[in-house]
Structure formats: structure tokens, C-alpha cells
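Step one of this worksheet: look at the structure below.
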Amino acid sequence: MAENELLDLSNPFIYRKWRKILLSDAATPKDAAEALYSDFSDALRNAIRQEPLSRVFLACGEDRVALQAAVIACKDRALARKIEQACKIEKSGCPDAVARALANLLISSIVDQCNRQTLSLLTPLSREGHQAIESAALMRLEASRQDIVGWLSAALEGRGSDVPKPSRPRKPSSDELLNISLIPTFSKIKKGSHHA
Amino acid sequence: MREQYSISVRRNHLEISGSALQKVHLNYEGYFQNFFSLPSEKIQELVLIAAGIYAVDRISKKPSEMSSPGRIRQLHIIFRLKFSDFWSNKKVAELLIEIASLLTDDDWEFTFTGLAQEEKQPRLQDYLDFSRESFDKVALYSGGLDSAAGLVHRLISNLDQSYLLITVGHYYGLHHRVQKQLIELSKLVDLKKNEGTRVAHSTLNTHLRGGKSVRMRDQEISQRSRAFFFCATAASAADVFKTKTVEIFENGIGSINLPVMTGMLGCGHATRGAHPSFLSKISTLCSIVLERELEFILPFSDLTKGEMLSSIKLVPGIESWLQNSLSCIHTSLRVAGISHCGECPACIERIQAFVVAGFSPKIEKFEMNPNGYLPKKLNNREYFNLYRLDALKWQENSDDVHRRLQYHLAITGMKVDELERLTELHIRHSREITHVFNSPFYGG
């Protein structure tokens, strides 16, 4: 019964750099995977530090009303729902076990997103070419699985603030600053003056 | 943001007020007229509750993924009903919430209040006790390919059986389409041989009036709760004719509906309208309401759509009759002579099943060229690519698809002992996909 199936479009910002690198001629799938992991881990750590995820985890063992309230209290309800799913998969109240299931769900979701976008962006694509991109993304995420499980475990135990802050965007060098176009800023000023 | 709706029942329509105003017309009398009998008042109220949930699901749009990751709606409905105490019972109320939540992945809350004394008269007058037809089986019938193939399969393999088919006419023209289909079916030679074989049909027509019904873009497109409305309607027929089961003609792949991406496992991305867990819950609820056992069953849960069609391919005239079924998710393409878009997931599966059975798909917009087939719309193309990639992965015995199936079963509350059977079914289905559409990659 395939009716109005909606693809998971996820957060497009996580894949922005990955897509850009994938489309450039010079870069390799490994470079793209590195950028993907960097953006994914930043987004995940941000969510872990900001969202009351331990409340969702604790509510999974309680009644439906408590769980609904805990999910609604989160801004990223997709992530909150994934905790609920991980609890159902693991059938356990152990934070480490649920964190492992949650990491599996997140890693699989990211790889599936990569597949969706690769098949659209790069046509025609050979099976070997696709496998190289998919396995580079999977291998990079797998290499940091321990970190991801550790962060998620901390989040479920209510220690989300202990998770290291995401890396700040690098400040542009003076050379890069000189090359930044002023036209967009100028057009904004013009728009502002028009309203005034 | 929490939305609150209040639903009261008038003679042949529901009036919705609160976060939105909406009238929902139900051709209740016309539906029961075909039975010459009324079901119990409680099951009538279950149909009204299900219709109310469906209407609210349709008029309340889900937020976008960007503005609200997870796209969860919080919906509270207050129903004014005669048997409010019964519906407020903890077990019944919880079942209603579980069913609505399983189908839509939203947060539902229901409150039931009683009727004023003057409203307590029966809504419909019962029929005189004339002798009336009886039926051995009740089945849901949508006019789709699975319904059509399933019905023929049941009629030729269960000789001398009488079927009452139930349709919920949730869009214009569905009743006439199904009637025409069944008239054509009665002319097929194999079915005329058995005098005991009998098929009757009744439609509960319904439509929204005013409010959000004016523009399609104001409505939620997923409308996942409609399966609840369909099943509740069929249960009312099962009550009249005292059948123990309601059959749902859906293939095994379609009923499980394993999403093509892990991120689609929740948040209402994929339909669960014929999912075994939903059918188990609706069976429990209807059994409580009817105070006897009623089971919703999937007679074709071990077959793919292609295998369902293959099993009836020797019936003379069946190919051209099946062409009259409608699979496309677009109820009306508003182009004369075009009934299928040829590229939505439902059309893709229709094409595949026809080719597997050795029939011609005959979809107006579908054309297979030597380089294969690619839908034109981006979202359809992406779905189609992932559908074919999954097929390859099943054949390569990749961990991804096995893990996703396990997760899907756990999240939807299915038993693990179904895993082996479903794995086999998906592998067979994957071979059909590759055979018909090839792989998504260059060079095969």
C-alpha cells in the first residue's frame, strides 16, 4: 500500500558541504565523507547540548502522556522520536544499549540520505562509483561510532552539557576577507534605505 | 501548537468546530439501505468517531520538516456521543489513541461527552424485519489493483461463497467506478459457472463541505488515518451480517510497507493502513465494541502484487478487466483519458505487477524505453531510485535492508518470528523489481 509516501528530506544543512565536495572534480569520496561527518557531529552535539533528551528517555518507560510531553518539549522532535524508536528496538532501559541502537538509527539515516542524494546528483553513476561514495560515508561514521554512542549515552543520562561543544566555524583569513564580494551587503543596504 | 476540535453529529453529517470549521457529509442512510438492517448503535458511533478522526487528519496540515523536525501534530478532539461513558473507558480510549497514533505518528487526545436528552433519539430508523440476503464474507474494496485481483482470487478459489464488498467513497466518482468494475466482473466466464458465487456492494459516500475542502492545498495530503475509517465502516457491515472476519485484499509487501529509508521509519512518512499491527488493534477494538470476536485478516500476506496477479492470469478476460482498476495516488489528474500519472510509487508497483504477470501495464503516461524508465518529478525519481537500490541490496544480502526490516518490525510492534517469512518475501519482490526496472546504475 504505497500511498503518498514521503521521503525523509532531513536537515539539508548537514549535507551542504558534502554535496559541494562530491560535485567538485578534484575531491575524493573520502574528502566528502569527512565534511559530512564534521557537519553531522556538529549538529548532533548541538542538539545533545540543547535538547532535554534524557527526559524523553526516562518517559519511554512511563505512560504515553509523559512521553508525549517529553517529545513536545524538544525542538528537534525527529531526534526525540528516534529515542522512542531506539527504546522499542532495544526493549531495554539501559542508556548504553539504547544509545547504541540510536547511533545505528542515526548512522543508517545519514547513509540513506547520502544514497538518495548521490543517485540524484551524479547521473549516470556506476555501481562501483556509488559503492565508493556510500562506503566512504559509512566508514567515516563507523570510525567515530564510539564517540557518537558516548555522546548519546551522556545525553540519555542527563549529562548532555558534558558533551564537547561543536567546533566553531573557522574565521576567514585576511586574503579570504579581501575576496568576499560586497555586492550582497550593498544590495541589502539599498533595500533598507528604500524602506526608510 | 495544540489544535482542539469539537465534533457533533447531525442527521447525515459531522460538524467540526474549534481550530477549524468543517462540515463532513456522510451518506449513512444510503449505505445501510443496501443491508435492510442497521448495525448496533455502538458500532455506528465507532464509524462516526473514525470519520471524525479522518476529517481532522485531513483538515489539519502537518508542519514542514524545516519548521518542525518530526512534523508532529498535537490534536485534541472532543466528541459528543450517546455512549460517551463506553468510549471514555480506559481500555477503549487507549486503543483509539494507539490506533490513531500508529497510523499518523501524531499526538492524539480524545474526550467524550454525552448528548443532551433531546439528542438521545436513535439517529436512524431501523428497517422492517423482512427476509434479507445473507453473506458469508465481508471485505473492503477500494477499486485498486490489489482489491480487484484479490477478489477474483477469492471467488475462484472459494466456490459458492457470497461476498459483501464495502467501499468508502472518499473522493468523487469512486462508487460508480467500483460499480462499473463489478458489473464487468460478473460477465467473466469463470465466475458465471458457479451459481452460488455472489457479490454485493455498498458504498459509504463521504465528502467535506466548505471550510478546508475548497482548496486541496489547505488539506494534509498524507491522510493516514483513513484506513481506520475504512475498517470501522466494514465492521458495521460485519455486525449486520454476523461475519467473524473482514478480509483486506492487500499484498504482503504493501501491508508491511517497509520504508525505503531509515529516516522514514517514523513521523508518518509511510502508510501503515494495512499493517498487521494496525489490523490487530482494530480487531481488538471492534471485538470490544461488538462484544464478540471480529478479526481483520490479510489473505494475501504471503504474496507480492505480481504474484497475486499471476495467480489469476488464466481467467479469461482478466487482463482487460484489471486495466479498469485504479492504483495512482492522484485521485484525479484532471486530464481527459489519463487515469494514472505513471510515476508515483503506486503506479510503479502497478507497472511491475502487470509485467511480472505477463500483462501489458497500459498506463497512458508510462513508456519504457531502451535506457530504462525514470520518473520526471524529482521526488518520484528519488523514490524510484531508492526502490531499485533496495532491490539490489536484498539480492546482495546487504546488512542495511535486513537491519531496516528488523527495526521496522520492532517500531511497529510486530513479532520477530515473522522476520524469516518477510525476508523471503522481500527477496522475491526485489527480483521482480530488478527484472522489470533494472538497477539504478549505469550499465545495468
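Every chain in the C-alpha cells takes a letter, A first, then B, and so on in the order presented; its residues are numbered from 1, and the ligands are numbered from 1 following the presented order.
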>> Give me, as a list in words, all polymer residues having an atom no more than 8 Å from A:Ala78, counting only C-alpha atoms and skipping those fewer than 2 positions away in the same chain.
In response: Asp76, Ala80, Arg81 and Lys82 of chain A; Pro69, Gly70, Arg71 and Cys267 of chain B
For the residues in the current selection, export C-alpha atoms as a tab-separated table (two decimals), in the first residue's frame.
chain	number	residue	atom	x	y	z
A	76	ASP	CA	14.15	18.58	17.29
A	80	ALA	CA	13.25	12.76	20.21
A	81	ARG	CA	11.14	10.27	18.26
A	82	LYS	CA	14.29	8.37	17.32
B	69	PRO	CA	11.59	18.45	12.66
B	70	GLY	CA	9.45	15.36	13.20
B	71	ARG	CA	6.29	17.08	11.89
B	267	CYS	CA	6.97	10.56	11.73
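Residues of chain B lying within 7 Å of chain A, counting only C-alpha atoms, are Pro69, Gly70, Asp107, Ser222, Gly254, Ser255, Asn257, Met261, Thr262, Gly263, Met264, His269, Ala270, Thr271, Ile329, Pro345, Ala346, Glu382, Asn385, Leu386, Tyr407, Ala410, Ile411, Phe441, Tyr442 and Gly443 of chain B.
When only C-alpha atoms are used to measure the gap to A:Asp25, the shortest distance among A:Val163, A:Asp147, A:Leu122, A:Leu141 belongs to A:Leu122.
Computed from the coordinates, the atom CA of B:Ile77 to atom CA of B:Ser6 distance equals 5.7 Å.
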> Could you write out, as a PyMOL selection string, all the residues of stretch 11-85 of chain A that DSSP marks as alpha helix (DSSP H)?
Replying inline: chain A and resi 16-23+29-50+53-59+64-72+77-85
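Between atom CA of B:Thr304 and atom CA of B:Ile433 there is a distance of 11.0 Å.
We find atom CA of B:Ser19 and atom CA of B:His170 to be spaced 22.5 Å apart.
Proximity to B:Glu3 at 8 Å, evaluated using only C-alpha atoms and with sequence-adjacent residues fewer than 4 positions away removed, yields Gly18, Ser19, Arg73, Gln74, Leu75 and His76 of chain B.
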>> I'd like the contact shell of stretch 114-117 of chain B - 12 Å cut-off, only C-alpha atoms, skipping same-chain residues fewer than 3 positions apart - returned as a list in words.
In response: Ile7, Ser8, Val9, Arg10, Ile78, Phe79, Arg80, Leu81, Lys82, Phe83, Ser84, Asp85, Phe86, Trp87, Ser88, Thr111, Lys120, Gln121 and Pro122 of chain B
